[in-house]
file my_file_19.pdb (PDB, C-alpha atoms)
ATOM      1  CA  MET A 224     -48.968 -40.767 125.977
ATOM      2  CA  ASN A 225     -51.499 -37.934 126.271
ATOM      3  CA  ASP A 226     -48.725 -35.337 125.903
ATOM      4  CA  GLN A 227     -47.742 -36.875 122.573
ATOM      5  CA  LEU A 228     -51.349 -36.827 121.394
ATOM      6  CA  TYR A 229     -51.658 -33.166 122.350
ATOM      7  CA  ASP A 230     -48.360 -32.436 120.562
ATOM      8  CA  ASP A 231     -49.700 -34.112 117.409
ATOM      9  CA  VAL A 232     -52.949 -32.140 117.464
ATOM     10  CA  ALA A 233     -51.073 -28.885 118.106
ATOM     11  CA  LEU A 234     -48.685 -29.643 115.237
ATOM     12  CA  GLU A 235     -51.593 -30.393 112.875
ATOM     13  CA  ARG A 236     -53.154 -27.035 113.792
ATOM     14  CA  GLN A 237     -49.897 -25.131 113.291
ATOM     15  CA  ILE A 238     -49.389 -26.726 109.878
ATOM     16  CA  LYS A 239     -52.955 -25.936 108.834
ATOM     17  CA  GLU A 240     -52.662 -22.346 110.085
ATOM     18  CA  LYS A 241     -49.231 -21.492 108.675
ATOM     19  CA  PHE A 242     -49.076 -23.578 105.498
ATOM     20  CA  GLY A 243     -52.701 -24.360 104.629
ATOM     21  CA  VAL A 244     -51.884 -28.077 104.446
ATOM     22  CA  THR A 245     -54.270 -30.559 106.004
ATOM     23  CA  ALA A 246     -51.905 -33.208 107.356
ATOM     24  CA  GLU A 247     -53.445 -35.763 109.691
ATOM     25  CA  ILE A 248     -50.544 -37.245 111.614
ATOM     26  CA  ASP A 249     -50.646 -41.033 111.480
ATOM     27  CA  SER A 250     -47.323 -41.753 113.181
ATOM     28  CA  VAL A 251     -44.368 -39.724 114.372
ATOM     29  CA  ILE A 252     -40.988 -41.128 113.363
ATOM     30  CA  ALA A 253     -38.853 -38.639 115.320
ATOM     31  CA  ARG A 254     -40.279 -36.056 117.704
ATOM     32  CA  HIS A 255     -38.559 -32.757 118.614
ATOM     33  CA  PHE A 256     -35.046 -33.895 117.720
ATOM     34  CA  PRO A 257     -32.294 -31.235 117.478
ATOM     35  CA  VAL A 258     -31.192 -30.127 113.996
ATOM     36  CA  GLY A 259     -29.226 -27.081 115.140
ATOM     37  CA  ARG A 260     -28.168 -25.263 118.285
ATOM     38  CA  SER A 261     -31.630 -23.779 118.831
ATOM     39  CA  VAL A 262     -33.677 -25.571 116.160
ATOM     40  CA  GLU A 263     -35.806 -28.710 116.491
ATOM     41  CA  ALA A 264     -37.581 -30.874 113.937
ATOM     42  CA  THR A 265     -40.384 -33.424 113.903
ATOM     43  CA  LEU A 266     -40.560 -36.113 111.223
ATOM     44  CA  PHE A 267     -43.964 -37.692 110.712
ATOM     45  CA  LEU A 268     -46.099 -39.790 108.371
ATOM     46  CA  THR A 269     -49.603 -38.717 107.395
ATOM     47  CA  GLY A 270     -52.605 -40.957 106.853
ATOM     48  CA  LYS A 271     -51.841 -40.827 103.114
ATOM     49  CA  LYS A 272     -48.327 -42.181 103.835
ATOM     50  CA  GLN A 273     -46.611 -38.911 103.007
ATOM     51  CA  LEU A 274     -43.490 -38.111 104.994
ATOM     52  CA  TYR A 275     -43.105 -34.526 106.263
ATOM     53  CA  LEU A 276     -40.395 -32.734 108.206
ATOM     54  CA  TYR A 277     -41.489 -29.777 110.338
ATOM     55  CA  VAL A 278     -38.619 -27.519 111.453
ATOM     56  CA  ASP A 279     -38.990 -24.735 113.999
ATOM     57  CA  GLY A 280     -36.852 -22.942 116.518
ATOM     58  CA  GLU A 281     -35.719 -19.682 118.001
ATOM     59  CA  ALA A 282     -33.129 -18.987 115.315
ATOM     60  CA  ARG A 283     -33.932 -16.940 112.212
ATOM     61  CA  LEU A 284     -33.856 -19.445 109.352
ATOM     62  CA  TYR A 285     -33.705 -18.973 105.603
ATOM     63  CA  LEU A 286     -34.494 -21.426 102.810
ATOM     64  CA  SER A 287     -30.766 -22.121 102.402
ATOM     65  CA  ASP A 288     -30.530 -23.085 106.094
ATOM     66  CA  ILE A 289     -33.509 -25.422 105.769
ATOM     67  CA  GLN A 290     -32.022 -27.025 102.637
ATOM     68  CA  LYS A 291     -28.784 -27.667 104.545
ATOM     69  CA  ILE A 292     -30.674 -29.107 107.527
ATOM     70  CA  VAL A 293     -32.747 -31.449 105.337
ATOM     71  CA  SER A 294     -29.595 -32.727 103.635
ATOM     72  CA  ARG A 295     -27.700 -33.272 106.885
ATOM     73  CA  VAL A 296     -30.634 -35.055 108.521
ATOM     74  CA  GLY A 297     -30.295 -37.572 105.674
ATOM     75  CA  LEU A 298     -33.440 -36.750 103.723
ATOM     76  CA  GLN A 299     -34.160 -35.912 100.107
ATOM     77  CA  PRO A 300     -36.803 -33.184  99.734
ATOM     78  CA  GLU A 301     -39.607 -33.227  97.217
ATOM     79  CA  MET A 302     -41.188 -29.856  97.977
ATOM     80  CA  TYR A 303     -40.658 -26.955 100.347
ATOM     81  CA  MET A 304     -44.154 -25.837 101.339
ATOM     82  CA  PRO A 305     -44.673 -22.074 100.978
ATOM     83  CA  PRO A 306     -46.583 -20.089 103.618
ATOM     84  CA  LYS A 307     -50.370 -20.197 103.415
ATOM     85  CA  GLY A 308     -51.809 -18.049 100.654
ATOM     86  CA  GLN A 309     -48.423 -17.335  99.038
ATOM     87  CA  VAL A 310     -48.013 -19.994  96.355
ATOM     88  CA  HIS A 311     -45.074 -18.197  94.689
ATOM     89  CA  TYR A 312     -43.452 -17.045  97.948
ATOM     90  CA  PHE A 313     -39.881 -18.141  97.148
ATOM     91  CA  ASP A 314     -40.029 -16.702  93.604
ATOM     92  CA  GLU A 315     -41.432 -13.391  94.858
ATOM     93  CA  VAL A 316     -38.793 -13.016  97.564
ATOM     94  CA  GLY A 317     -36.049 -14.057  95.131
ATOM     95  CA  THR A 318     -37.218 -11.507  92.553
ATOM     96  CA  ALA A 319     -37.417  -8.742  95.172
ATOM     97  CA  LYS A 320     -33.886  -9.488  96.463
ATOM     98  CA  PHE A 321     -32.584  -9.633  92.881
ATOM     99  CA  GLN A 322     -34.209  -6.254  92.108
ATOM    100  CA  GLU A 323     -32.516  -4.746  95.192
ATOM    101  CA  ILE A 324     -29.097  -5.811  93.936
ATOM    102  CA  PHE A 325     -29.717  -5.108  90.231
ATOM    103  CA  PRO A 326     -32.331  -2.326  90.076
ATOM    104  CA  GLY A 327     -31.798  -1.685  86.355
ATOM    105  CA  ARG A 328     -32.550  -5.233  85.196
ATOM    106  CA  LYS A 329     -36.173  -5.760  84.238
ATOM    107  CA  VAL A 330     -36.173  -9.253  82.674
ATOM    108  CA  VAL A 331     -35.741 -11.824  85.427
ATOM    109  CA  ASN A 332     -35.753 -15.595  84.846
ATOM    110  CA  ASP A 333     -35.389 -18.611  87.136
ATOM    111  CA  GLN A 334     -31.626 -18.814  86.638
ATOM    112  CA  ASP A 335     -31.208 -15.202  87.731
ATOM    113  CA  ILE A 336     -33.120 -15.635  90.997
ATOM    114  CA  ALA A 337     -32.021 -19.187  91.892
ATOM    115  CA  PHE A 338     -29.557 -17.943  94.526
ATOM    116  CA  TYR A 339     -31.814 -15.140  95.772
ATOM    117  CA  LYS A 340     -34.652 -17.617  96.465
ATOM    118  CA  THR A 341     -32.457 -19.193  99.140
ATOM    119  CA  LEU A 342     -32.430 -15.868 101.017
ATOM    120  CA  ALA A 343     -36.174 -16.105 101.743
ATOM    121  CA  PRO A 344     -37.006 -16.178 105.479
ATOM    122  CA  TYR A 345     -38.453 -19.626 106.209
ATOM    123  CA  SER A 346     -39.250 -20.371 109.831
ATOM    124  CA  PRO A 347     -41.154 -22.493 110.655
ATOM    125  CA  ALA A 348     -40.594 -24.791 107.679
ATOM    126  CA  LEU A 349     -42.584 -27.723 106.302
ATOM    127  CA  ILE A 350     -40.949 -30.048 103.811
ATOM    128  CA  LEU A 351     -42.503 -32.938 101.896
ATOM    129  CA  ILE A 352     -39.872 -35.676 101.820
ATOM    130  CA  ARG A 353     -39.137 -37.887  98.806
ATOM    131  CA  GLU A 354     -36.857 -40.399 100.554
ATOM    132  CA  VAL A 355     -34.651 -41.187 103.522
ATOM    133  CA  LYS A 356     -31.225 -41.511 101.876
ATOM    134  CA  ASN A 357     -29.495 -44.348 103.741
ATOM    135  CA  GLY A 358     -32.322 -45.472 105.985
ATOM    136  CA  ILE A 359     -30.877 -43.425 108.859
ATOM    137  CA  ILE A 360     -32.170 -40.153 110.276
ATOM    138  CA  TYR A 361     -29.483 -37.964 111.826
ATOM    139  CA  GLN A 362     -29.699 -35.365 114.588
ATOM    140  CA  TYR A 363     -27.441 -32.479 115.509
ATOM    141  CA  ASP A 364     -24.919 -33.193 118.252
ATOM    142  CA  SER A 365     -22.131 -30.708 118.934
ATOM    143  CA  ASP A 366     -20.063 -33.397 120.663
ATOM    144  CA  ALA A 367     -20.185 -35.878 117.774
ATOM    145  CA  THR A 368     -17.549 -36.029 115.045
ATOM    146  CA  GLY A 369     -18.862 -33.918 112.195
ATOM    147  CA  GLY A 370     -21.638 -32.498 114.378
ATOM    148  CA  TRP A 371     -24.279 -35.123 113.491
ATOM    149  CA  ARG A 372     -25.099 -38.561 114.888
ATOM    150  CA  PRO A 373     -27.740 -41.195 114.059
ATOM    151  CA  HIS A 374     -31.113 -40.635 115.711
ATOM    152  CA  ALA A 375     -33.329 -43.368 114.236
ATOM    153  CA  LYS A 376     -33.500 -45.955 111.488
ATOM    154  CA  PHE A 377     -36.342 -45.572 109.020
ATOM    155  CA  SER A 378     -36.703 -46.617 105.393
ATOM    156  CA  TYR A 379     -38.899 -44.553 103.101
ATOM    157  CA  ARG A 380     -39.024 -43.822  99.395
ATOM    158  CA  ARG A 381     -41.952 -42.165  97.703
ATOM    159  CA  ILE A 382     -42.778 -43.821  94.393
ATOM    160  CA  MET A 383     -44.354 -41.511  91.852
ATOM    161  CA  THR A 384     -47.323 -42.963  89.955
ATOM    162  CA  SER A 385     -49.024 -41.566  86.910
TER
END

call {"tool": "encode", "arguments": {"input": "my_file_19.pdb", "output": "structure tokens"}}
result
Amino acid sequence: MNDQLYDDVALERQIKEKFGVTAEIDSVIARHFPVGRSVEATLFLTGKKQLYLYVDGEARLYLSDIQKIVSRVGLQPEMYMPPKGQVHYFDEVGTAKFQEIFPGRKVVNDQDIAFYKTLAPYSPALILIREVKNGIIYQYDSDATGGWRPHAKFSYRRIMTS
């Protein structure tokens, strides 16, 4: 019990330090479950009833990898949190990668850099979740058919209010 409490406090500190997000963990839905060969995730609810997925591991991850992981876990993302102090991180990295490939092009719009944004290094990752798709959270399992198996049942859908 104490180990879990220490894990929660450590996770809150990491999130505050790396993403600048103050997320007080109210309850953990799934703790340190595998989402890749050397990648783990923690799914938790904050005091404000916001659902977050924190992904970290030894592997070098990019935004495209995180998007794939979120989809395969059975979640629908609302926002990928950029690193602390870099509000336009994904746009900046996408523009820089685009400029490397096409050095002569000066006018760059969102359609041009959409693919190049996915090449942004993103580990650890923090994702605000909009909903759990089928009420089931999946985990990576190399022995399972398709590589993923159910980990927990949890229903969640964030309703936007004006």

call {"tool": "closest_residue", "arguments": {"input": "my_file_19.pdb", "among": "A:Gly327, A:Gly280, A:Pro344, A:Gly358", "to": "A:Ala375", "atoms": "all atoms listed in the file"}}
result
A:Gly358

call {"tool": "atom_distance", "arguments": {"input": "my_file_19.pdb", "atom1": "atom CA of A:Arg254", "atom2": "atom CA of A:Pro305"}}
result
22.2 Å

call {"tool": "resolve_selection", "arguments": {"input": "my_file_19.pdb", "expression": "the PyMOL selection byres ((chain A and resi 332) around 12)", "output": "compact mmCIF listing (two decimals) with C-alpha atoms, keeping the file's coordinate frame"}}
result
# COMPACT_ATOMS: atom_id res chain seq x y z
CA ASP A 314 -40.03 -16.70 93.60
CA GLU A 315 -41.43 -13.39 94.86
CA GLY A 317 -36.05 -14.06 95.13
CA THR A 318 -37.22 -11.51 92.55
CA PHE A 321 -32.58 -9.63 92.88
CA GLN A 322 -34.21 -6.25 92.11
CA ARG A 328 -32.55 -5.23 85.20
CA LYS A 329 -36.17 -5.76 84.24
CA VAL A 330 -36.17 -9.25 82.67
CA VAL A 331 -35.74 -11.82 85.43
CA ASP A 333 -35.39 -18.61 87.14
CA GLN A 334 -31.63 -18.81 86.64
CA ASP A 335 -31.21 -15.20 87.73
CA ILE A 336 -33.12 -15.64 91.00
CA ALA A 337 -32.02 -19.19 91.89
CA PHE A 338 -29.56 -17.94 94.53
CA TYR A 339 -31.81 -15.14 95.77
CA LYS A 340 -34.65 -17.62 96.46

call {"tool": "closest_residue", "arguments": {"input": "my_file_19.pdb", "among": "A:Leu274, A:Ala233, A:Met383, A:Leu349", "to": "A:Ala253", "atoms": "all atoms listed in the file"}}
result
A:Leu274

call {"tool": "closest_residue", "arguments": {"input": "my_file_19.pdb", "among": "A:Tyr312, A:Gln227, A:Tyr345, A:Lys356", "to": "A:Asp288", "atoms": "all atoms listed in the file"}}
result
A:Tyr345

call {"tool": "atom_distance", "arguments": {"input": "my_file_19.pdb", "atom1": "atom CA of A:Phe377", "atom2": "atom CA of A:Pro257"}}
result
17.1 Å

call {"tool": "closest_residue", "arguments": {"input": "my_file_19.pdb", "among": "A:Ala246, A:Tyr277, A:Thr341, A:Phe325", "to": "A:Lys291", "atoms": "all atoms listed in the file"}}
result
A:Thr341

call {"tool": "closest_residue", "arguments": {"input": "my_file_19.pdb", "among": "A:Leu342, A:Ile238, A:Leu268, A:Val278", "to": "A:Phe256", "atoms": "all atoms listed in the file"}}
result
A:Val278

call {"tool": "atom_distance", "arguments": {"input": "my_file_19.pdb", "atom1": "atom CA of A:Ile292", "atom2": "atom CA of A:Phe267"}}
result
16.1 Å

call {"tool": "closest_residue", "arguments": {"input": "my_file_19.pdb", "among": "A:Asn225, A:Asp279, A:His374, A:Glu354", "to": "A:Arg260", "atoms": "only C-alpha atoms"}}
result
A:Asp279

call {"tool": "decode", "arguments": {"input": "my_file_19.pdb", "residues": "stretch 293-312 of chain A", "atoms": "N, CA and C atoms", "output": "mmCIF file, in the first residue's frame"}}
result
data_model
loop_
_atom_site.group_PDB
_atom_site.id
_atom_site.type_symbol
_atom_site.label_atom_id
_atom_site.label_comp_id
_atom_site.auth_asym_id
_atom_site.auth_seq_id
_atom_site.Cartn_x
_atom_site.Cartn_y
_atom_site.Cartn_z
ATOM 1 N N VAL A 293 -1.640 4.526 -27.795
ATOM 2 C CA VAL A 293 -2.916 5.003 -27.247
ATOM 3 C C VAL A 293 -4.079 4.311 -27.948
ATOM 4 N N SER A 294 -4.002 4.185 -29.254
ATOM 5 C CA SER A 294 -5.066 3.531 -30.017
ATOM 6 C C SER A 294 -5.189 2.053 -29.651
ATOM 7 N N ARG A 295 -4.064 1.369 -29.549
ATOM 8 C CA ARG A 295 -4.103 -0.069 -29.260
ATOM 9 C C ARG A 295 -4.485 -0.380 -27.823
ATOM 10 N N VAL A 296 -4.245 0.552 -26.917
ATOM 11 C CA VAL A 296 -4.673 0.362 -25.524
ATOM 12 C C VAL A 296 -6.191 0.470 -25.437
ATOM 13 N N GLY A 297 -6.808 1.094 -26.443
ATOM 14 C CA GLY A 297 -8.268 1.210 -26.482
ATOM 15 C C GLY A 297 -8.752 2.560 -25.987
ATOM 16 N N LEU A 298 -7.938 3.585 -26.167
ATOM 17 C CA LEU A 298 -8.277 4.917 -25.687
ATOM 18 C C LEU A 298 -8.389 5.893 -26.849
ATOM 19 N N GLN A 299 -9.152 6.951 -26.633
ATOM 20 C CA GLN A 299 -9.240 8.027 -27.610
ATOM 21 C C GLN A 299 -8.623 9.268 -26.978
ATOM 22 N N PRO A 300 -7.550 9.805 -27.583
ATOM 23 C CA PRO A 300 -6.858 10.939 -26.972
ATOM 24 C C PRO A 300 -7.597 12.252 -27.191
ATOM 25 N N GLU A 301 -7.425 13.160 -26.247
ATOM 26 C CA GLU A 301 -7.920 14.514 -26.424
ATOM 27 C C GLU A 301 -6.761 15.463 -26.697
ATOM 28 N N MET A 302 -5.644 15.262 -25.955
ATOM 29 C CA MET A 302 -4.502 16.148 -26.126
ATOM 30 C C MET A 302 -3.216 15.436 -25.717
ATOM 31 N N TYR A 303 -2.199 15.607 -26.551
ATOM 32 C CA TYR A 303 -0.861 15.123 -26.216
ATOM 33 C C TYR A 303 -0.141 16.299 -25.564
ATOM 34 N N MET A 304 0.222 16.153 -24.305
ATOM 35 C CA MET A 304 0.831 17.249 -23.556
ATOM 36 C C MET A 304 2.272 17.474 -24.019
ATOM 37 N N PRO A 305 2.600 18.701 -24.422
ATOM 38 C CA PRO A 305 3.979 18.994 -24.824
ATOM 39 C C PRO A 305 4.879 19.127 -23.607
ATOM 40 N N PRO A 306 6.192 19.018 -23.791
ATOM 41 C CA PRO A 306 7.115 19.210 -22.663
ATOM 42 C C PRO A 306 6.961 20.591 -22.046
ATOM 43 N N LYS A 307 7.322 20.695 -20.789
ATOM 44 C CA LYS A 307 7.180 21.941 -20.030
ATOM 45 C C LYS A 307 7.921 23.088 -20.715
ATOM 46 N N GLY A 308 7.220 24.202 -20.865
ATOM 47 C CA GLY A 308 7.822 25.394 -21.433
ATOM 48 C C GLY A 308 7.910 25.406 -22.952
ATOM 49 N N GLN A 309 7.396 24.382 -23.610
ATOM 50 C CA GLN A 309 7.437 24.311 -25.075
ATOM 51 C C GLN A 309 6.027 24.057 -25.611
ATOM 52 N N VAL A 310 5.208 25.086 -25.574
ATOM 53 C CA VAL A 310 3.792 24.959 -25.934
ATOM 54 C C VAL A 310 3.611 24.472 -27.374
ATOM 55 N N HIS A 311 4.459 24.914 -28.277
ATOM 56 C CA HIS A 311 4.359 24.549 -29.695
ATOM 57 C C HIS A 311 5.420 23.527 -30.089
ATOM 58 N N TYR A 312 5.750 22.625 -29.179
ATOM 59 C CA TYR A 312 6.826 21.653 -29.383
ATOM 60 C C TYR A 312 6.640 20.833 -30.652
#
